[in-house]
Amino acid sequence: MTLVLSVDPAAPDPDVIARAAEALRSGGLVAFPTETVYGLGANALDTRAVARIFAAKGRPAYDPLIVHLARAEDAALVAREVPEVARRLWSRFAPGPLTLILPKHPRVPARVTAGRDTVAVRIPSHPVARALIEAAGVPVAAPSANRFGHVSPTTAAHVLEDLAGVVDVVLDAGPTPVGVESTILDVSREPPVLLRPGGVPREALEAVLGHPVRIATASTPEGEPAPAPGTLPRHYAPRVPLWLFDGPPDWARTMMRETAHVLLAQGEQVAALVPAEDAAALRDLGMQLFPLGPSEDLAHMAARLFEGLRTLESQGATVILARTVPNQGLGLAINDRLRRAATHVLRAAARL
Ligand code: AMP
Ligand code: MG
């Protein structure tokens, strides 16, 4: 049985939080909003509770979890060592959508980190997440609250679509504001490496670090037990094919029109997930459109991205069309999620 509790996102009721915190302390699974997406939480120090996360999601045991803390000063609970660079980054970005990879403390069960000697740590800023972790009094391991490989949930309804009956409590505080997952930066290596673009833009990290940040390639790093599936090629994906047009806006719009024509003629239920300015240009084709907001407002686009994928999928689209945006700021995270969601990627030929 899943208990769904509504809670005010800005001022969560302490009684509701206490109930969810008790479920966490007694080994239960609690889905809760963070500023990025909804998380599926369990007591990170309770191996059996952590095992339930993997079972509920159908997540492979080699994919490690992020541990959530109420404040950066608690990092020593789960990390053997907190490098100076981590303190510097957190003084700017905590609480917020930045996950740091740190040397693991022996207290953290191997199950959480998939046998790695490092642990992923984040201090979320969402008032409900903060209140819950604080009230539980334990570090909270929480991946996104979706079935493994599916689109991450940005509403409680999304959580229930994937996990009704297998999660004990869902805290419903409405849509999550950032809408894409946290940025993951590995500061256990020197220099730090970006493992996943997310809610904190790469440029913002570079401004604090004072040097360019390299993005990890999808291949398994040497000496690591297995790939980290945030980096798997197909992930965050809807259950229907997604064609991604990866190139300049004019090219992408033209190609999308031509492709939609062909697919519609074949009887497909074609839908498109596009910046607001493209929606007007595509409306005459009669396909379903999900406008993500104007492309100059990447934060708005990011916040609507997963909602769009899930909406089009649940409304019966048999193929979804989308295009990339400029690779700046949150555009890096948006494009990363679109590429991993895609079954077909069409790239513009390089121009001479
Ligand atoms: P999710 O919470 O579902 O967004 O997934 C968490 C992601 O964090 C995983 O896909 C991993 O890529 C990453 N992660 C967690 N722990 C580690 C770690 N110790 N080293 C590298 N990546 C990690
Ligand atoms: Mg996930």
# chains A, B, ... in the order shown; residues from 1 in each chain; ligands from 1
>>> residues_around(residues="Glu81 of chain A", least_positions_apart="3", cutoff="9 Å", atoms="only C-alpha atoms", output="number ranges by chain")
A: 75-76, 78, 102-105
>>> closest_atom_pairs(of="chain A", to="ligand 2", cutoff="7 Å", atoms="only C-alpha atoms and all ligand atoms", output="Markdown table")
| residue | atom | partner | partner_atom_place_in_ligand_line | distance |
| --- | --- | --- | --- | --- |
| A:Pro143 | CA | ligand 2 | 1 (Mg) | 5.5 |
| A:Ser144 | CA | ligand 2 | 1 (Mg) | 4.3 |
| A:Asn146 | CA | ligand 2 | 1 (Mg) | 7.0 |
| A:Phe148 | CA | ligand 2 | 1 (Mg) | 6.8 |
| A:Ser152 | CA | ligand 2 | 1 (Mg) | 6.1 |
| A:Gly230 | CA | ligand 2 | 1 (Mg) | 6.6 |
>>> select_by_dssp(residues="segment 84-121 of chain A", states="helix (DSSP H, G or I)", output="list in words")
Glu84, Val85, Ala86, Arg87, Arg88, Leu89, Trp90, Ser91, Arg92 and Phe93 of chain A
>>> residues_near_ligand(ligand="ligand 1", cutoff="7 Å", atoms="only C-alpha atoms and all ligand atoms", output="PyMOL selection string")
chain A and resi 63-66+101+113+116+118-120+142-144+181+184+195+228-231
>>> residues_around(residues="Arg111 of chain A", least_positions_apart="4", cutoff="8 Å", atoms="only C-alpha atoms", output="PyMOL selection string")
chain A and resi 47+50-51+61+64+115
>>> residues_around(residues="segment 83-100 of chain A", least_positions_apart="5", cutoff="6 Å", atoms="only C-alpha atoms", output="list in words")
Ala120, Val121, Arg122, Ile123, Pro124, Ser125, Ser182, Thr183, Ile184, Leu185, Asp186, Gly199 and Val200 of chain A
>>> write_last_selection(atoms="N, CA and C atoms", output="CSV table (one decimal), in the first residue's frame")
chain,number,residue,atom,x,y,z
A,120,ALA,N,28.5,9.4,-3.6
A,120,ALA,CA,27.9,10.6,-4.2
A,120,ALA,C,27.1,11.3,-3.1
A,121,VAL,N,27.4,12.6,-2.9
A,121,VAL,CA,26.7,13.3,-1.8
A,121,VAL,C,26.1,14.6,-2.3
A,122,ARG,N,24.8,14.8,-1.9
A,122,ARG,CA,24.1,16.0,-2.3
A,122,ARG,C,23.3,16.6,-1.1
A,123,ILE,N,23.3,17.9,-1.1
A,123,ILE,CA,22.5,18.7,-0.1
A,123,ILE,C,21.3,19.4,-0.9
A,124,PRO,N,20.1,18.8,-0.9
A,124,PRO,CA,19.1,19.4,-1.7
A,124,PRO,C,18.5,20.6,-1.0
A,125,SER,N,18.0,21.5,-1.9
A,125,SER,CA,17.5,22.8,-1.3
A,125,SER,C,16.0,22.8,-1.1
A,182,SER,N,20.5,16.5,-10.7
A,182,SER,CA,21.7,17.3,-10.3
A,182,SER,C,22.9,17.1,-11.2
A,183,THR,N,23.7,18.1,-11.2
A,183,THR,CA,25.0,18.0,-11.8
A,183,THR,C,25.9,17.1,-10.9
A,184,ILE,N,26.6,16.1,-11.5
A,184,ILE,CA,27.5,15.3,-10.7
A,184,ILE,C,29.0,15.6,-11.1
A,185,LEU,N,29.7,16.0,-10.0
A,185,LEU,CA,31.1,16.4,-10.2
A,185,LEU,C,32.0,15.5,-9.3
A,186,ASP,N,32.9,14.8,-10.0
A,186,ASP,CA,33.8,13.9,-9.2
A,186,ASP,C,35.0,14.7,-8.7
A,199,GLY,N,21.5,20.5,-13.0
A,199,GLY,CA,20.9,21.7,-12.6
A,199,GLY,C,21.9,22.9,-12.3
A,200,VAL,N,23.1,22.5,-12.0
A,200,VAL,CA,24.1,23.6,-11.8
A,200,VAL,C,24.9,23.6,-13.1
>>> residues_around(residues="segment 164-174 of chain A", least_positions_apart="2", cutoff="8 Å", atoms="only C-alpha atoms", output="list in words")
Met1, Thr2, Leu3, Val4, Leu5, Ser6, Val7, Asp8, Pro9, Ala20, Ala23, Gly28, Leu29, Val30, Ala31, Phe32, Pro33, Leu40, Ala56, Val128, Thr155, Ala156, Val159, Leu160, Glu161, Asp162 and Thr176 of chain A
>>> write_last_selection(atoms="C-alpha atoms", output="PDB file, in the first residue's frame")
ATOM      1  CA  MET A   1       0.000   0.000   0.000  1.00  0.00           C
ATOM      2  CA  THR A   2       1.219   3.458  -0.879  1.00  0.00           C
ATOM      3  CA  LEU A   3       0.258   6.372   1.344  1.00  0.00           C
ATOM      4  CA  VAL A   4       0.142   9.697  -0.542  1.00  0.00           C
ATOM      5  CA  LEU A   5       0.480  12.781   1.665  1.00  0.00           C
ATOM      6  CA  SER A   6       0.049  16.304   0.306  1.00  0.00           C
ATOM      7  CA  VAL A   7       2.445  18.845   1.658  1.00  0.00           C
ATOM      8  CA  ASP A   8       3.028  22.554   1.101  1.00  0.00           C
ATOM      9  CA  PRO A   9       6.261  22.907  -0.937  1.00  0.00           C
ATOM     10  CA  ALA A  20       7.376  10.211   6.478  1.00  0.00           C
ATOM     11  CA  ALA A  23       8.743   5.502   7.719  1.00  0.00           C
ATOM     12  CA  GLY A  28      10.580   2.125   4.567  1.00  0.00           C
ATOM     13  CA  LEU A  29      10.704   3.764   1.137  1.00  0.00           C
ATOM     14  CA  VAL A  30       9.591   7.391   0.903  1.00  0.00           C
ATOM     15  CA  ALA A  31       9.292   9.268  -2.386  1.00  0.00           C
ATOM     16  CA  PHE A  32       9.824  12.990  -1.863  1.00  0.00           C
ATOM     17  CA  PRO A  33      10.309  16.124  -3.953  1.00  0.00           C
ATOM     18  CA  LEU A  40      12.980   7.449  -3.869  1.00  0.00           C
ATOM     19  CA  ALA A  56      11.495  -1.183  -6.416  1.00  0.00           C
ATOM     20  CA  VAL A 128      10.338  19.315   1.859  1.00  0.00           C
ATOM     21  CA  THR A 155       5.374  15.204 -10.106  1.00  0.00           C
ATOM     22  CA  ALA A 156       3.900  12.798  -7.549  1.00  0.00           C
ATOM     23  CA  VAL A 159       6.040   8.579  -9.192  1.00  0.00           C
ATOM     24  CA  LEU A 160       2.767   6.701  -8.833  1.00  0.00           C
ATOM     25  CA  GLU A 161       2.732   5.773 -12.551  1.00  0.00           C
ATOM     26  CA  ASP A 162       5.980   3.881 -12.012  1.00  0.00           C
ATOM     27  CA  THR A 176       9.724  20.123  -8.965  1.00  0.00           C
TER      28      THR A 176
END
>>> residues_around(residues="Met287 of chain A", least_positions_apart="3", cutoff="10 Å", atoms="only C-alpha atoms", output="mmCIF file with all heavy atoms, in the first residue's frame")
data_model
loop_
_atom_site.group_PDB
_atom_site.id
_atom_site.type_symbol
_atom_site.label_atom_id
_atom_site.label_comp_id
_atom_site.auth_asym_id
_atom_site.auth_seq_id
_atom_site.Cartn_x
_atom_site.Cartn_y
_atom_site.Cartn_z
ATOM 1 N N ALA A 260 8.040 14.561 -39.952
ATOM 2 C CA ALA A 260 6.668 14.456 -39.441
ATOM 3 C C ALA A 260 5.707 14.115 -40.582
ATOM 4 O O ALA A 260 4.824 13.260 -40.428
ATOM 5 C CB ALA A 260 6.257 15.772 -38.776
ATOM 6 N N HIS A 261 5.890 14.761 -41.743
ATOM 7 C CA HIS A 261 5.087 14.495 -42.931
ATOM 8 C C HIS A 261 5.074 13.021 -43.265
ATOM 9 O O HIS A 261 4.028 12.407 -43.452
ATOM 10 C CB HIS A 261 5.741 15.228 -44.113
ATOM 11 C CG HIS A 261 4.859 16.254 -44.733
ATOM 12 N ND1 HIS A 261 3.491 16.206 -44.684
ATOM 13 C CD2 HIS A 261 5.164 17.370 -45.443
ATOM 14 C CE1 HIS A 261 2.991 17.239 -45.314
ATOM 15 N NE2 HIS A 261 3.991 17.969 -45.782
ATOM 16 N N LEU A 264 3.509 10.846 -40.407
ATOM 17 C CA LEU A 264 2.045 11.013 -40.348
ATOM 18 C C LEU A 264 1.386 10.244 -41.496
ATOM 19 O O LEU A 264 0.363 9.589 -41.311
ATOM 20 C CB LEU A 264 1.671 12.501 -40.410
ATOM 21 C CG LEU A 264 1.937 13.314 -39.133
ATOM 22 C CD1 LEU A 264 1.939 14.813 -39.431
ATOM 23 C CD2 LEU A 264 0.914 12.979 -38.044
ATOM 24 N N GLU A 268 1.440 7.066 -38.213
ATOM 25 C CA GLU A 268 1.970 7.198 -36.845
ATOM 26 C C GLU A 268 1.261 8.331 -36.102
ATOM 27 O O GLU A 268 0.844 9.323 -36.707
ATOM 28 C CB GLU A 268 3.475 7.509 -36.886
ATOM 29 C CG GLU A 268 4.338 6.435 -37.517
ATOM 30 C CD GLU A 268 4.607 5.253 -36.603
ATOM 31 O OE1 GLU A 268 4.179 5.279 -35.428
ATOM 32 O OE2 GLU A 268 5.236 4.289 -37.084
ATOM 33 N N GLN A 269 1.139 8.180 -34.790
ATOM 34 C CA GLN A 269 0.667 9.267 -33.935
ATOM 35 C C GLN A 269 1.892 10.091 -33.575
ATOM 36 O O GLN A 269 2.595 9.789 -32.609
ATOM 37 C CB GLN A 269 0.046 8.699 -32.649
ATOM 38 C CG GLN A 269 -1.201 7.858 -32.872
ATOM 39 C CD GLN A 269 -2.367 8.706 -33.350
ATOM 40 O OE1 GLN A 269 -2.633 9.764 -32.787
ATOM 41 N NE2 GLN A 269 -3.037 8.256 -34.402
ATOM 42 N N VAL A 270 2.172 11.099 -34.389
ATOM 43 C CA VAL A 270 3.411 11.854 -34.218
ATOM 44 C C VAL A 270 3.192 13.004 -33.233
ATOM 45 O O VAL A 270 2.181 13.701 -33.300
ATOM 46 C CB VAL A 270 3.905 12.423 -35.571
ATOM 47 C CG1 VAL A 270 5.279 13.075 -35.410
ATOM 48 C CG2 VAL A 270 3.938 11.326 -36.627
ATOM 49 N N ALA A 271 4.161 13.173 -32.336
ATOM 50 C CA ALA A 271 4.103 14.281 -31.385
ATOM 51 C C ALA A 271 5.468 14.943 -31.351
ATOM 52 O O ALA A 271 6.484 14.305 -31.642
ATOM 53 C CB ALA A 271 3.733 13.765 -30.004
ATOM 54 N N ALA A 272 5.495 16.227 -31.012
ATOM 55 C CA ALA A 272 6.780 16.928 -30.948
ATOM 56 C C ALA A 272 6.908 17.704 -29.654
ATOM 57 O O ALA A 272 5.952 18.312 -29.166
ATOM 58 C CB ALA A 272 6.943 17.859 -32.146
ATOM 59 N N LEU A 282 5.133 24.605 -36.590
ATOM 60 C CA LEU A 282 4.801 23.202 -36.865
ATOM 61 C C LEU A 282 3.311 22.913 -36.739
ATOM 62 O O LEU A 282 2.849 21.825 -37.054
ATOM 63 C CB LEU A 282 5.577 22.289 -35.898
ATOM 64 C CG LEU A 282 7.100 22.286 -36.043
ATOM 65 C CD1 LEU A 282 7.745 21.605 -34.843
ATOM 66 C CD2 LEU A 282 7.519 21.595 -37.341
ATOM 67 N N ARG A 283 2.561 23.918 -36.274
ATOM 68 C CA ARG A 283 1.152 23.696 -35.912
ATOM 69 C C ARG A 283 0.310 23.180 -37.078
ATOM 70 O O ARG A 283 -0.560 22.325 -36.886
ATOM 71 C CB ARG A 283 0.566 25.003 -35.347
ATOM 72 C CG ARG A 283 -0.792 24.828 -34.695
ATOM 73 C CD ARG A 283 -1.003 25.803 -33.552
ATOM 74 N NE ARG A 283 -0.237 25.436 -32.369
ATOM 75 C CZ ARG A 283 0.429 26.310 -31.605
ATOM 76 N NH1 ARG A 283 0.426 27.588 -31.897
ATOM 77 N NH2 ARG A 283 1.086 25.898 -30.557
ATOM 78 N N ASP A 284 0.593 23.663 -38.298
ATOM 79 C CA ASP A 284 -0.236 23.303 -39.461
ATOM 80 C C ASP A 284 -0.175 21.819 -39.813
ATOM 81 O O ASP A 284 -1.027 21.322 -40.535
ATOM 82 C CB ASP A 284 0.210 24.140 -40.669
ATOM 83 C CG ASP A 284 1.656 23.855 -41.051
ATOM 84 O OD1 ASP A 284 2.533 24.061 -40.185
ATOM 85 O OD2 ASP A 284 1.903 23.396 -42.182
ATOM 86 N N PHE A 290 3.996 19.648 -27.730
ATOM 87 C CA PHE A 290 4.192 20.008 -26.318
ATOM 88 C C PHE A 290 5.232 21.117 -26.287
ATOM 89 O O PHE A 290 6.436 20.867 -26.373
ATOM 90 C CB PHE A 290 4.653 18.794 -25.499
ATOM 91 C CG PHE A 290 4.623 19.049 -24.009
ATOM 92 C CD1 PHE A 290 3.563 18.608 -23.224
ATOM 93 C CD2 PHE A 290 5.654 19.744 -23.380
ATOM 94 C CE1 PHE A 290 3.515 18.840 -21.853
ATOM 95 C CE2 PHE A 290 5.621 19.995 -22.014
ATOM 96 C CZ PHE A 290 4.547 19.535 -21.254
ATOM 97 N N ALA A 317 1.138 9.011 -28.091
ATOM 98 C CA ALA A 317 2.071 9.224 -29.197
ATOM 99 C C ALA A 317 2.776 7.900 -29.510
ATOM 100 O O ALA A 317 3.101 7.138 -28.601
ATOM 101 C CB ALA A 317 3.108 10.279 -28.815
#
>>> residues_around(residues="segment 330-346 of chain A", least_positions_apart="3", cutoff="10 Å", atoms="only C-alpha atoms", output="PyMOL selection string")
chain A and resi 149-151+178-183+196-203+230-247+252+255-256+295-303+305-306+309+319-327+349
>>> select_by_dssp(residues="segment 77-161 of chain A", states="strand (DSSP E or B)", output="PDB file with C-alpha atoms, in the first residue's frame")
ATOM      1  CA  ALA A  79      32.714  10.777   3.460  1.00  0.00           C
ATOM      2  CA  LEU A  98      25.143  19.726  -7.182  1.00  0.00           C
ATOM      3  CA  THR A  99      26.283  16.182  -6.306  1.00  0.00           C
ATOM      4  CA  LEU A 100      29.923  15.653  -5.362  1.00  0.00           C
ATOM      5  CA  ILE A 101      31.782  12.334  -5.533  1.00  0.00           C
ATOM      6  CA  LEU A 102      33.898  11.984  -2.379  1.00  0.00           C
ATOM      7  CA  PRO A 103      35.981   9.225  -0.752  1.00  0.00           C
ATOM      8  CA  LYS A 104      33.522   6.875   0.976  1.00  0.00           C
ATOM      9  CA  THR A 118      33.605   6.733  -3.432  1.00  0.00           C
ATOM     10  CA  VAL A 119      30.203   8.071  -2.415  1.00  0.00           C
ATOM     11  CA  ALA A 120      27.943  10.581  -4.170  1.00  0.00           C
ATOM     12  CA  VAL A 121      26.698  13.312  -1.796  1.00  0.00           C
ATOM     13  CA  ARG A 122      24.119  16.049  -2.283  1.00  0.00           C
ATOM     14  CA  VAL A 140      18.979   9.450   2.854  1.00  0.00           C
ATOM     15  CA  ALA A 141      19.957   7.415  -0.214  1.00  0.00           C
ATOM     16  CA  SER A 144      15.104   9.294  -8.999  1.00  0.00           C
ATOM     17  CA  HIS A 150      12.371   5.496 -17.611  1.00  0.00           C
TER      18      HIS A 150
END
>>> atom_distance(atom1="atom CA of Thr254 of chain A", atom2="atom CA of Ala348 of chain A")
11.2 Å
